[in-house]
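Raw run14.cif, mmCIF, C-alpha atoms:
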```cif
data_target
#
loop_
_atom_site.label_atom_id
_atom_site.label_comp_id
_atom_site.auth_asym_id
_atom_site.auth_seq_id
_atom_site.Cartn_x
_atom_site.Cartn_y
_atom_site.Cartn_z
CA MET A 1 0.00 0.00 0.00
CA THR A 2 1.13 3.55 -0.75
CA ASP A 3 -0.44 6.79 0.36
CA ILE A 4 -0.55 8.47 -3.08
CA LEU A 5 -1.11 7.12 -6.57
CA LEU A 6 -0.18 9.54 -9.36
CA LEU A 7 -2.41 8.90 -12.37
CA GLY A 8 -1.56 10.32 -15.79
CA GLU A 9 -2.91 9.97 -19.30
CA ALA A 10 -0.72 7.82 -21.55
CA TRP A 11 2.87 7.21 -22.59
CA GLY A 12 4.84 9.77 -24.51
CA GLU A 13 7.96 9.06 -26.51
CA VAL A 14 10.26 8.60 -23.51
CA GLU A 15 7.62 6.73 -21.49
CA GLU A 16 7.10 4.32 -24.36
CA ARG A 17 10.81 3.60 -24.49
CA GLU A 18 11.15 3.21 -20.72
CA ARG A 19 7.71 1.60 -20.37
CA THR A 20 6.91 3.55 -17.22
CA ALA A 21 4.91 6.66 -16.34
CA PHE A 22 6.18 10.21 -15.93
CA VAL A 23 9.73 10.05 -17.23
CA GLY A 24 11.30 12.51 -19.58
CA PRO A 25 10.41 16.25 -19.47
CA THR A 26 6.96 15.80 -17.90
CA GLY A 27 8.37 13.47 -15.26
CA HIS A 28 11.17 15.90 -14.45
CA LEU A 29 8.68 18.75 -14.02
CA LEU A 30 6.39 16.59 -11.91
CA ASN A 31 9.28 15.60 -9.65
CA GLN A 32 10.20 19.26 -9.17
CA MET A 33 6.64 20.17 -8.22
CA LEU A 34 6.36 17.23 -5.82
CA VAL A 35 9.49 18.36 -3.98
CA THR A 36 8.17 21.93 -3.76
CA ALA A 37 4.92 20.55 -2.33
CA GLY A 38 6.81 18.52 0.28
CA LEU A 39 6.40 15.14 -1.41
CA ARG A 40 8.85 12.62 -2.84
CA ARG A 41 8.30 10.72 -6.05
CA ILE A 42 9.77 7.58 -4.46
CA ASP A 43 6.91 7.56 -1.94
CA CYS A 44 4.25 7.60 -4.69
CA PHE A 45 3.07 5.00 -7.17
CA ALA A 46 2.83 6.36 -10.72
CA THR A 47 0.83 4.94 -13.60
CA ASN A 48 -1.32 5.98 -16.56
CA VAL A 49 -4.86 5.39 -17.68
CA PHE A 50 -3.40 4.00 -20.92
CA ASN A 51 -0.04 2.24 -20.84
CA LEU A 52 0.45 2.87 -24.52
CA ARG A 53 1.40 5.74 -26.80
CA PRO A 54 -1.53 7.13 -28.81
CA PRO A 55 -0.82 7.75 -32.50
CA GLY A 56 0.61 11.23 -32.85
CA ASN A 57 0.46 11.60 -29.06
CA LYS A 58 -3.21 12.52 -29.54
CA ILE A 59 -5.65 10.96 -27.08
CA GLU A 60 -8.39 11.62 -29.66
CA ALA A 61 -6.87 8.80 -31.71
CA LEU A 62 -8.24 6.32 -29.16
CA CYS A 63 -11.79 7.63 -29.52
CA GLY A 64 -14.67 6.96 -31.87
CA GLU A 65 -18.42 7.26 -32.12
CA LYS A 66 -20.65 6.62 -29.12
CA SER A 67 -21.64 3.24 -30.57
CA GLU A 68 -17.96 2.23 -30.40
CA GLY A 69 -17.43 3.47 -26.84
CA ILE A 70 -16.88 1.54 -23.61
CA GLU A 71 -20.18 0.94 -21.86
CA GLY A 72 -20.75 3.14 -18.82
CA TYR A 73 -18.10 5.72 -19.69
CA PRO A 74 -18.93 9.20 -20.99
CA ALA A 75 -17.18 10.98 -23.82
CA LEU A 76 -13.52 11.76 -23.20
CA THR A 77 -13.29 14.42 -25.88
CA LYS A 78 -16.01 16.42 -27.60
CA GLY A 79 -18.10 13.72 -29.23
CA GLY A 80 -15.26 11.20 -28.81
CA TYR A 81 -15.78 7.98 -26.81
CA VAL A 82 -12.87 5.68 -25.95
CA ARG A 83 -13.26 2.62 -28.13
CA ARG A 84 -14.03 -0.74 -26.56
CA GLU A 85 -10.74 -2.21 -27.74
CA PHE A 86 -9.01 -0.14 -25.03
CA GLU A 87 -11.23 -1.35 -22.19
CA LYS A 88 -8.45 -3.75 -21.20
CA GLU A 89 -6.35 -0.73 -20.23
CA LEU A 90 -9.01 0.38 -17.77
CA ASN A 91 -9.18 -3.15 -16.37
CA ARG A 92 -5.40 -3.10 -15.92
CA LEU A 93 -5.65 0.28 -14.20
CA GLY A 94 -8.36 -1.02 -11.87
CA ASP A 95 -6.16 -3.97 -10.89
CA GLU A 96 -3.22 -1.63 -10.22
CA ILE A 97 -5.33 0.59 -7.98
CA LEU A 98 -6.64 -2.36 -6.00
CA ARG A 99 -3.13 -3.76 -5.52
CA CYS A 100 -1.73 -0.38 -4.54
CA ASN A 101 -4.79 0.55 -2.45
CA PRO A 102 -3.77 4.20 -2.04
CA ASN A 103 -5.24 6.66 0.40
CA LEU A 104 -5.44 9.20 -2.41
CA ILE A 105 -5.39 9.17 -6.21
CA VAL A 106 -4.02 12.36 -7.75
CA ALA A 107 -5.70 12.55 -11.16
CA LEU A 108 -3.30 14.51 -13.34
CA GLY A 109 -5.21 15.88 -16.30
CA ASN A 110 -8.58 15.40 -17.98
CA THR A 111 -8.05 11.78 -19.02
CA ALA A 112 -7.25 10.70 -15.47
CA ALA A 113 -10.29 12.59 -14.15
CA TRP A 114 -12.42 10.96 -16.86
CA ALA A 115 -11.26 7.47 -15.86
CA MET A 116 -11.98 7.99 -12.15
CA LEU A 117 -14.86 10.49 -12.08
CA GLY A 118 -16.40 10.51 -15.56
CA LYS A 119 -15.73 14.26 -15.79
CA THR A 120 -13.20 16.25 -17.76
CA THR A 121 -13.52 19.95 -16.94
CA MET A 122 -10.30 20.32 -14.97
CA LYS A 123 -10.82 24.00 -14.23
CA ASN A 124 -13.92 23.10 -12.20
CA LEU A 125 -12.66 19.80 -10.78
CA ARG A 126 -9.15 20.64 -9.61
CA GLY A 127 -8.24 21.13 -5.99
CA THR A 128 -11.37 19.48 -4.60
CA VAL A 129 -11.52 15.97 -3.19
CA HIS A 130 -14.00 13.66 -4.91
CA GLU A 131 -14.99 10.00 -4.58
CA SER A 132 -14.24 7.83 -7.60
CA THR A 133 -17.29 6.58 -9.49
CA LEU A 134 -15.67 4.79 -12.45
CA THR A 135 -12.93 2.16 -13.05
CA VAL A 136 -12.70 1.49 -9.29
CA LYS A 137 -15.33 3.06 -7.06
CA GLY A 138 -14.95 4.48 -3.59
CA TYR A 139 -11.40 5.91 -3.74
CA LYS A 140 -10.52 9.45 -2.76
CA VAL A 141 -9.49 11.45 -5.84
CA LEU A 142 -7.87 14.88 -6.09
CA PRO A 143 -7.71 16.18 -9.68
CA THR A 144 -5.14 18.71 -10.84
CA TYR A 145 -3.39 19.71 -14.04
CA HIS A 146 -1.11 17.36 -15.97
CA PRO A 147 2.55 18.48 -16.22
CA ALA A 148 2.18 18.54 -20.01
CA ALA A 149 -0.51 21.21 -19.64
CA ILE A 150 1.97 23.36 -17.70
CA PHE A 151 4.39 23.24 -20.63
CA ARG A 152 1.59 24.73 -22.74
CA GLN A 153 0.42 27.19 -20.07
CA TYR A 154 3.06 27.91 -17.47
CA SER A 155 0.70 29.98 -15.30
CA LEU A 156 -0.91 26.69 -14.18
CA LYS A 157 2.22 25.68 -12.27
CA PRO A 158 1.55 27.57 -8.98
CA THR A 159 -1.94 26.11 -8.79
CA THR A 160 -0.68 22.59 -9.46
CA ILE A 161 1.91 22.90 -6.70
CA LEU A 162 -0.76 24.11 -4.28
CA ASP A 163 -2.96 21.15 -5.24
CA LEU A 164 -0.06 18.76 -4.64
CA SER A 165 0.49 20.38 -1.24
CA LYS A 166 -3.14 19.68 -0.48
CA ALA A 167 -2.63 16.11 -1.70
CA LYS A 168 0.05 15.68 0.95
CA ARG A 169 -2.48 16.62 3.64
CA GLU A 170 -5.29 14.53 2.19
CA ALA A 171 -3.10 11.43 1.82
CA ASP A 172 -3.04 10.91 5.59
CA SER A 173 -6.37 9.10 5.38
CA PRO A 174 -8.47 7.33 2.73
CA LEU A 175 -11.59 8.98 4.15
CA ILE A 176 -13.14 12.16 2.82
CA HIS A 177 -13.65 14.59 5.68
CA ARG A 178 -16.05 17.43 5.03
CA PRO A 179 -16.24 20.25 7.59
CA GLU A 180 -19.50 20.56 9.47
CA ARG A 181 -21.24 23.90 9.07
CA CYS A 182 -24.44 25.29 10.55
CA ILE A 183 -25.78 28.08 8.35
CA TRP A 184 -28.97 29.93 9.21
CA ILE A 185 -30.78 30.72 5.97
CA GLU A 186 -34.05 32.51 5.31
CA PRO A 187 -34.13 33.88 8.86
CA SER A 188 -36.96 35.81 10.47
CA LEU A 189 -36.38 39.09 12.26
CA GLU A 190 -36.51 37.19 15.54
CA ASP A 191 -33.85 34.80 14.21
CA LEU A 192 -31.51 37.74 13.64
CA TYR A 193 -31.83 38.86 17.23
CA GLU A 194 -31.44 35.29 18.50
CA PHE A 195 -28.32 34.70 16.40
CA ASP A 196 -26.91 37.97 17.65
CA ARG A 197 -27.52 37.01 21.28
CA LEU A 198 -26.07 33.51 20.90
CA TYR A 199 -23.03 34.20 18.72
CA LEU A 200 -22.33 37.74 17.51
CA GLN A 201 -22.36 39.66 20.79
CA SER A 202 -19.67 37.47 22.35
CA CYS A 203 -17.50 36.64 19.32
CA GLU A 204 -13.86 37.61 18.87
CA ARG A 205 -14.20 38.39 15.17
CA ILE A 206 -16.79 38.33 12.40
CA ALA A 207 -16.35 37.25 8.80
CA VAL A 208 -18.52 39.41 6.55
CA ASP A 209 -19.51 38.89 2.93
CA ILE A 210 -22.05 40.52 0.65
CA GLU A 211 -23.63 39.49 -2.64
CA THR A 212 -24.61 42.18 -5.10
CA TYR A 213 -26.67 42.60 -8.23
CA ARG A 214 -25.98 45.71 -10.26
CA ASP A 215 -26.12 48.54 -7.72
CA CYS A 216 -27.98 46.59 -5.02
CA ILE A 217 -26.95 44.36 -2.12
CA THR A 218 -29.03 41.17 -2.28
CA CYS A 219 -27.77 39.46 0.88
CA ILE A 220 -25.16 39.73 3.58
CA GLY A 221 -23.56 36.99 5.66
CA PHE A 222 -22.05 37.04 9.15
CA ALA A 223 -19.85 34.21 10.45
CA PRO A 224 -18.61 34.55 14.05
CA ARG A 225 -16.96 31.12 13.88
CA GLU A 226 -15.77 28.79 11.15
CA ASP A 227 -18.70 26.43 11.78
CA ILE A 228 -21.61 28.87 12.21
CA ALA A 229 -23.00 31.62 10.00
CA ILE A 230 -26.17 33.46 9.09
CA VAL A 231 -27.25 34.69 5.67
CA ILE A 232 -29.60 37.67 5.66
CA PRO A 233 -31.55 38.18 2.42
CA PHE A 234 -32.30 41.72 1.41
CA PRO A 235 -34.30 41.20 -1.77
CA GLY A 236 -36.43 44.29 -1.58
CA PHE A 237 -34.63 45.63 -4.65
CA GLN A 238 -35.28 42.49 -6.69
CA ARG A 239 -38.48 41.57 -8.47
CA ALA A 240 -37.99 37.95 -7.44
CA ARG A 241 -38.98 37.44 -3.79
CA ALA A 242 -39.39 41.14 -3.29
CA ASP A 243 -41.81 40.36 -0.48
CA TYR A 244 -39.37 38.32 1.65
CA TRP A 245 -39.62 40.79 4.52
CA PRO A 246 -43.30 41.35 5.30
CA SER A 247 -43.20 45.15 5.40
CA LEU A 248 -41.03 48.18 4.79
CA ALA A 249 -40.92 48.69 8.56
CA THR A 250 -39.43 45.21 8.97
CA GLN A 251 -36.91 45.89 6.22
CA HIS A 252 -35.89 49.03 8.04
CA ARG A 253 -35.35 47.08 11.27
CA VAL A 254 -33.24 44.52 9.37
CA TYR A 255 -31.19 47.37 7.90
CA ASN A 256 -30.65 48.83 11.38
CA PHE A 257 -29.60 45.41 12.68
CA ILE A 258 -26.98 45.06 9.94
CA LYS A 259 -25.77 48.61 10.49
CA GLU A 260 -25.43 48.04 14.22
CA VAL A 261 -23.42 44.83 13.80
CA LEU A 262 -21.07 46.45 11.31
CA SER A 263 -20.55 49.47 13.57
CA ARG A 264 -19.22 47.34 16.44
CA PRO A 265 -15.44 47.50 17.03
CA VAL A 266 -15.04 43.71 16.88
CA PRO A 267 -12.55 42.85 14.08
CA LYS A 268 -14.14 42.09 10.69
CA ILE A 269 -12.72 39.70 8.09
CA PHE A 270 -13.52 40.15 4.41
CA GLN A 271 -12.77 38.53 1.06
CA ASN A 272 -11.97 41.37 -1.32
CA GLY A 273 -13.03 43.78 1.38
CA LEU A 274 -12.10 46.87 -0.62
CA TYR A 275 -15.12 46.10 -2.81
CA ASP A 276 -17.51 45.10 -0.01
CA VAL A 277 -16.71 48.01 2.31
CA ALA A 278 -17.01 50.57 -0.46
CA PHE A 279 -20.25 49.02 -1.71
CA LEU A 280 -21.81 49.05 1.78
CA LEU A 281 -20.97 52.71 2.17
CA ARG A 282 -22.16 53.68 -1.30
CA ALA A 283 -25.36 51.58 -1.43
CA TRP A 284 -26.51 51.68 2.19
CA GLY A 285 -24.53 54.48 3.79
CA ILE A 286 -23.00 52.04 6.29
CA GLY A 287 -19.42 52.59 7.40
CA VAL A 288 -17.75 49.43 8.67
CA LYS A 289 -15.73 49.64 11.88
CA GLY A 290 -13.03 47.21 12.97
CA ILE A 291 -11.89 46.30 9.47
CA GLY A 292 -9.23 43.65 9.90
CA HIS A 293 -7.86 40.96 7.64
CA ASP A 294 -8.74 40.37 4.01
CA THR A 295 -8.39 36.73 2.95
CA MET A 296 -7.82 37.66 -0.69
CA LEU A 297 -4.93 39.98 0.19
CA LEU A 298 -3.45 37.50 2.67
CA HIS A 299 -3.49 34.78 0.03
CA HIS A 300 -1.97 37.17 -2.49
CA ALA A 301 0.88 37.86 -0.06
CA LEU A 302 1.54 34.11 0.21
CA GLN A 303 0.86 33.12 -3.40
CA PRO A 304 1.14 36.19 -5.64
CA GLU A 305 1.20 34.11 -8.83
CA SER A 306 -2.06 32.24 -8.23
CA LEU A 307 -5.74 33.12 -8.53
CA LYS A 308 -7.55 34.88 -5.70
CA SER A 309 -11.30 34.22 -5.93
CA LEU A 310 -13.14 32.82 -2.92
CA GLY A 311 -13.92 29.58 -4.74
CA TYR A 312 -10.23 29.18 -5.56
CA LEU A 313 -9.21 29.83 -1.94
CA GLY A 314 -11.78 27.28 -0.82
CA SER A 315 -10.25 24.65 -3.11
CA ILE A 316 -6.77 25.34 -1.71
CA TYR A 317 -7.34 25.78 2.01
CA THR A 318 -10.49 23.80 2.82
CA SER A 319 -12.05 20.40 2.28
CA GLU A 320 -15.33 21.88 1.11
CA ARG A 321 -17.14 20.70 -1.97
CA PRO A 322 -17.01 23.09 -4.92
CA TRP A 323 -20.05 24.96 -3.64
CA LYS A 324 -20.58 27.18 -6.68
CA GLN A 325 -21.13 24.05 -8.78
CA MET A 326 -23.79 22.83 -6.34
CA ARG A 327 -26.15 25.77 -6.70
CA GLU A 328 -29.22 25.53 -8.85
CA ARG A 329 -28.95 27.34 -12.15
CA VAL A 330 -32.06 28.70 -13.81
CA LYS A 331 -32.08 29.68 -17.46
CA THR A 332 -34.45 32.48 -18.35
CA ILE A 333 -36.05 32.29 -21.78
CA LYS A 334 -37.40 35.56 -23.13
CA ARG A 335 -40.49 35.35 -25.25
CA GLU A 336 -42.15 37.95 -27.38
CA ASP A 337 -45.55 39.09 -26.10
#
```
The structure in this file should be written as C-alpha cells.
Amino acid sequence: MTDILLLGEAWGEVEERERTAFVGPTGHLLNQMLVTAGLRRIDCFATNVFNLRPPGNKIEALCGEKSEGIEGYPALTKGGYVRREFEKELNRLGDEILRCNPNLIVALGNTAAWAMLGKTTMKNLRGTVHESTLTVKGYKVLPTYHPAAIFRQYSLKPTTILDLSKAKREADSPLIHRPERCIWIEPSLEDLYEFDRLYLQSCERIAVDIETYRDCITCIGFAPREDIAIVIPFPGFQRARADYWPSLATQHRVYNFIKEVLSRPVPKIFQNGLYDVAFLLRAWGIGVKGIGHDTMLLHHALQPESLKSLGYLGSIYTSERPWKQMRERVKTIKRED
C-alpha cells in the first residue's frame, strides 16, 4: 500500500521507451513540483490510464463514435468515446489501484479525471476531493493539471503545486472529511436577534460577505466562527422574492440590525473587502468599523502568482465541496408578447 497514486494519461515518446509513467520532461517537471509541495516521487506509485502511446500523441486517436465506446463511460473528448478495444487498459488500471490501495489518487489531467470520475472539466474539478465513481469506485481522488498542460500554459504551475500540497495533507487518510457547518438561511427578524444574542455579541471576530446585483446588495452573511453563520436576504430591490420581509418597517429594522453589527469595534474579516466596504458605504450608507484581515490579500501575499477568488481559496485551504457548482442554475427564456 502507498499513500498516493499519481495517475496520468498515456505514454509519450520517452515513457514508451522506458515503459513507465512520468519520465522525460513531464516526469522531471512533476518531480520538481512534488518536492516543492513537500512530497517525494519515491513515496508515490505512478501509472497511466493507458499504458500505450496514442498515435501522434493525440488521445483523440483512441476515440470513436458513441456506438464504439466503452459501456458506462462518458465521452472523453467532444463527441469522442474511448473505443471498446481499449477497455483492457481500464481493467489493468483497476487492478493496479486495488493492488496499490492508495489513500489518495491524484488525477493529473482530464483523461485521469475521466477514468476515475467521468468528468473532464479540470478548471472546475481541480483542488477538490471527490470519490471515484468509475474504473474502481470508492477511492478518494484529487484532480489537478497534468505536467504537459503546464508546458503549454506555465501559469498553471503555482496552482498545481498548491494542489499537490493539499494532496500531501489529504493522503493521511483514505476517508473524505467534510467540515460541518451550521448556516442559518431565510431567517426571520426574531432569528436575527437570536443569532446575535447567541453568537455575535460574544465573538472575537466576524467574517462578513455581501452578494450584489448591479447597484444593489441582495444578501449579507455574518460568520462569528468557522462552523456557524447566518445569511440575511435583502431582496427588496429584486423583483424575485421582493416580499421576503413582510413590510417596509421590517426591512428598516433589518437594515438597522446590519448597520449596528457592522458598527461594532469587533474585528471584521472580508474577502476582497475593498469592494464590499465601499459598496456598503455607497449603497446603504454604512461605514464598517473594525476592518481587519482580508483573505484575498493575505493569500496574495503568500501566493502572488495564483488566482484569488473565494472559490479558488476554498479549493486550496479547505475540504469543502465546490459549492458554486452545487447551486441551482435557472435559465431564463425571453419570449415575445
Go through region 88-197 of chain A and flag each residue having an atom no more than 12 Å from region 24-28 of chain A; for those, report the closest pair of atoms plus their distance in Å to one decimal, using all atoms listed in the file, ordered by chain and rising number, as JSON lines.
```
{"residue": "A:Leu108", "atom": "CA", "partner": "A:Thr26", "partner_atom": "CA", "distance": 11.3}
{"residue": "A:Tyr145", "atom": "CA", "partner": "A:Thr26", "partner_atom": "CA", "distance": 11.7}
{"residue": "A:His146", "atom": "CA", "partner": "A:Thr26", "partner_atom": "CA", "distance": 8.4}
{"residue": "A:Pro147", "atom": "CA", "partner": "A:Thr26", "partner_atom": "CA", "distance": 5.4}
{"residue": "A:Ala148", "atom": "CA", "partner": "A:Thr26", "partner_atom": "CA", "distance": 5.9}
{"residue": "A:Ala149", "atom": "CA", "partner": "A:Thr26", "partner_atom": "CA", "distance": 9.4}
{"residue": "A:Ile150", "atom": "CA", "partner": "A:Thr26", "partner_atom": "CA", "distance": 9.1}
{"residue": "A:Phe151", "atom": "CA", "partner": "A:Thr26", "partner_atom": "CA", "distance": 8.3}
{"residue": "A:Arg152", "atom": "CA", "partner": "A:Thr26", "partner_atom": "CA", "distance": 11.5}
```
Let's have the selection written as a PDB file, in the frame of the given file, with C-alpha atoms.
```pdb
ATOM      1  CA  LEU A 108      -3.300  14.510 -13.340  1.00  0.00           C
ATOM      2  CA  TYR A 145      -3.390  19.710 -14.040  1.00  0.00           C
ATOM      3  CA  HIS A 146      -1.110  17.360 -15.970  1.00  0.00           C
ATOM      4  CA  PRO A 147       2.550  18.480 -16.220  1.00  0.00           C
ATOM      5  CA  ALA A 148       2.180  18.540 -20.010  1.00  0.00           C
ATOM      6  CA  ALA A 149      -0.510  21.210 -19.640  1.00  0.00           C
ATOM      7  CA  ILE A 150       1.970  23.360 -17.700  1.00  0.00           C
ATOM      8  CA  PHE A 151       4.390  23.240 -20.630  1.00  0.00           C
ATOM      9  CA  ARG A 152       1.590  24.730 -22.740  1.00  0.00           C
TER      10      ARG A 152
END
```
I'd like the residues picked by the PyMOL selection byres ((chain A and resi 44) around 7) written out as a PDB file with C-alpha atoms, keeping the file's coordinate frame, using the chain letters and numbers from the file.
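Now in part-v4.pdb:
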```pdb
ATOM      1  CA  THR A   2       1.130   3.550  -0.750  1.00  0.00           C
ATOM      2  CA  ASP A   3      -0.440   6.790   0.360  1.00  0.00           C
ATOM      3  CA  ILE A   4      -0.550   8.470  -3.080  1.00  0.00           C
ATOM      4  CA  LEU A   5      -1.110   7.120  -6.570  1.00  0.00           C
ATOM      5  CA  LEU A   6      -0.180   9.540  -9.360  1.00  0.00           C
ATOM      6  CA  ARG A  41       8.300  10.720  -6.050  1.00  0.00           C
ATOM      7  CA  ILE A  42       9.770   7.580  -4.460  1.00  0.00           C
ATOM      8  CA  ASP A  43       6.910   7.560  -1.940  1.00  0.00           C
ATOM      9  CA  PHE A  45       3.070   5.000  -7.170  1.00  0.00           C
ATOM     10  CA  ALA A  46       2.830   6.360 -10.720  1.00  0.00           C
TER      11      ALA A  46
END
```
For the PyMOL selection byres ((chain A and resi 50-59) around 6), applied here, can you spell out every residue it catches as an mmCIF file with C-alpha atoms, in the coordinates of the input?
```cif
data_model
loop_
_atom_site.group_PDB
_atom_site.id
_atom_site.type_symbol
_atom_site.label_atom_id
_atom_site.label_comp_id
_atom_site.auth_asym_id
_atom_site.auth_seq_id
_atom_site.Cartn_x
_atom_site.Cartn_y
_atom_site.Cartn_z
ATOM 1 C CA ALA A 10 -0.720 7.820 -21.550
ATOM 2 C CA TRP A 11 2.870 7.210 -22.590
ATOM 3 C CA GLY A 12 4.840 9.770 -24.510
ATOM 4 C CA ASN A 48 -1.320 5.980 -16.560
ATOM 5 C CA VAL A 49 -4.860 5.390 -17.680
ATOM 6 C CA GLU A 60 -8.390 11.620 -29.660
ATOM 7 C CA ALA A 61 -6.870 8.800 -31.710
ATOM 8 C CA LEU A 62 -8.240 6.320 -29.160
ATOM 9 C CA GLU A 89 -6.350 -0.730 -20.230
#
```
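Nearest-residue note for Leu307 (chain A): choosing from A:Leu162, A:Leu98, A:Ala249, A:Leu7, the minimum distance belongs to A:Leu162, counting only C-alpha atoms.
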Nearest to Phe270 (chain A) among A:Trp284, A:Trp184, A:Phe234, A:Phe222, with distances taken over all atoms listed in the file: which residue is it?
A:Phe222
Between A:Leu189, A:Pro74, A:Gly109, A:Asp215, which has the minimum distance to Trp245 (chain A) (counting only C-alpha atoms)?
A:Leu189
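Residue membership of the PyMOL selection byres ((chain A and resi 87) around 12) in the shown file amounts to A:Val49, A:Phe50, A:Asn51, A:Leu62, A:Cys63, A:Glu68, A:Gly69, A:Ile70, A:Glu71, A:Gly72, A:Tyr73, A:Tyr81, A:Val82, A:Arg83, A:Arg84, A:Glu85, A:Phe86, A:Lys88, A:Glu89, A:Leu90, A:Asn91, A:Arg92, A:Leu93, A:Gly94, A:Ala115, A:Thr135.
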Under the rule that only C-alpha atoms are counted, which of A:Ser202, A:Gln271, A:Gln303, A:Ser165 is the nearest residue to Thr36 (chain A)?
A:Ser165
Interface rows for region 47-155 of chain A against region 311-325 of chain A: nearest pair, Å to one decimal, 10 Å, all atoms listed in the file, as a Markdown table:
```
| residue | atom | partner | partner_atom | distance |
| --- | --- | --- | --- | --- |
| A:Asn124 | CA | A:Pro322 | CA | 7.9 |
| A:Leu125 | CA | A:Pro322 | CA | 8.0 |
| A:Arg126 | CA | A:Ser315 | CA | 7.7 |
| A:Gly127 | CA | A:Ser315 | CA | 5.0 |
| A:Thr128 | CA | A:Ser315 | CA | 5.5 |
| A:Val129 | CA | A:Ser319 | CA | 7.1 |
| A:His130 | CA | A:Arg321 | CA | 8.3 |
```
Selected residues, C-alpha atoms, written as a compact mmCIF listing (two decimals), keeping the file's coordinate frame, please.
```txt
# COMPACT_ATOMS: atom_id res chain seq x y z
CA ASN A 124 -13.92 23.10 -12.20
CA LEU A 125 -12.66 19.80 -10.78
CA ARG A 126 -9.15 20.64 -9.61
CA GLY A 127 -8.24 21.13 -5.99
CA THR A 128 -11.37 19.48 -4.60
CA VAL A 129 -11.52 15.97 -3.19
CA HIS A 130 -14.00 13.66 -4.91
```
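Among the candidate residues A:Arg19, A:Lys78, A:Arg214, A:Arg225, the one lying nearest to Cys182 (chain A) is A:Arg225, with distances computed using all atoms listed in the file.
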Quick one: distance from CA of His293 (chain A) to CA of Val277 (chain A) in Å, one decimal?
12.5 Å
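Closest approach to Lys123 (chain A) among A:Gln32, A:Asn110, A:Thr295, A:Asn256: A:Asn110, based on only C-alpha atoms.
Between CA of Ser306 (chain A) and CA of Val208 (chain A) there is a distance of 23.3 Å.
Pairwise distance (CA of Lys168 (chain A), CA of Thr47 (chain A)) equals 18.1 Å.
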Emit as JSON the padded axis-aligned box for all listed atoms of region 247-260 of chain A, 4 Å per side, with centre and edge lengths in Å to one decimal.
```
{"center_x": -34.3, "center_y": 46.8, "center_z": 9.5, "size_x": 25.8, "size_y": 12.5, "size_z": 17.4}
```
Place a sphere of radius 10 Å on (-7.3, 7.9, 5.5) in the file coordinates and name every protein, DNA or RNA residue with an atom inside or on its surface, counting all atoms listed in the file; give the answer as an NGL selection string.
:A and (3 or 102-104 or 140 or 170-177)
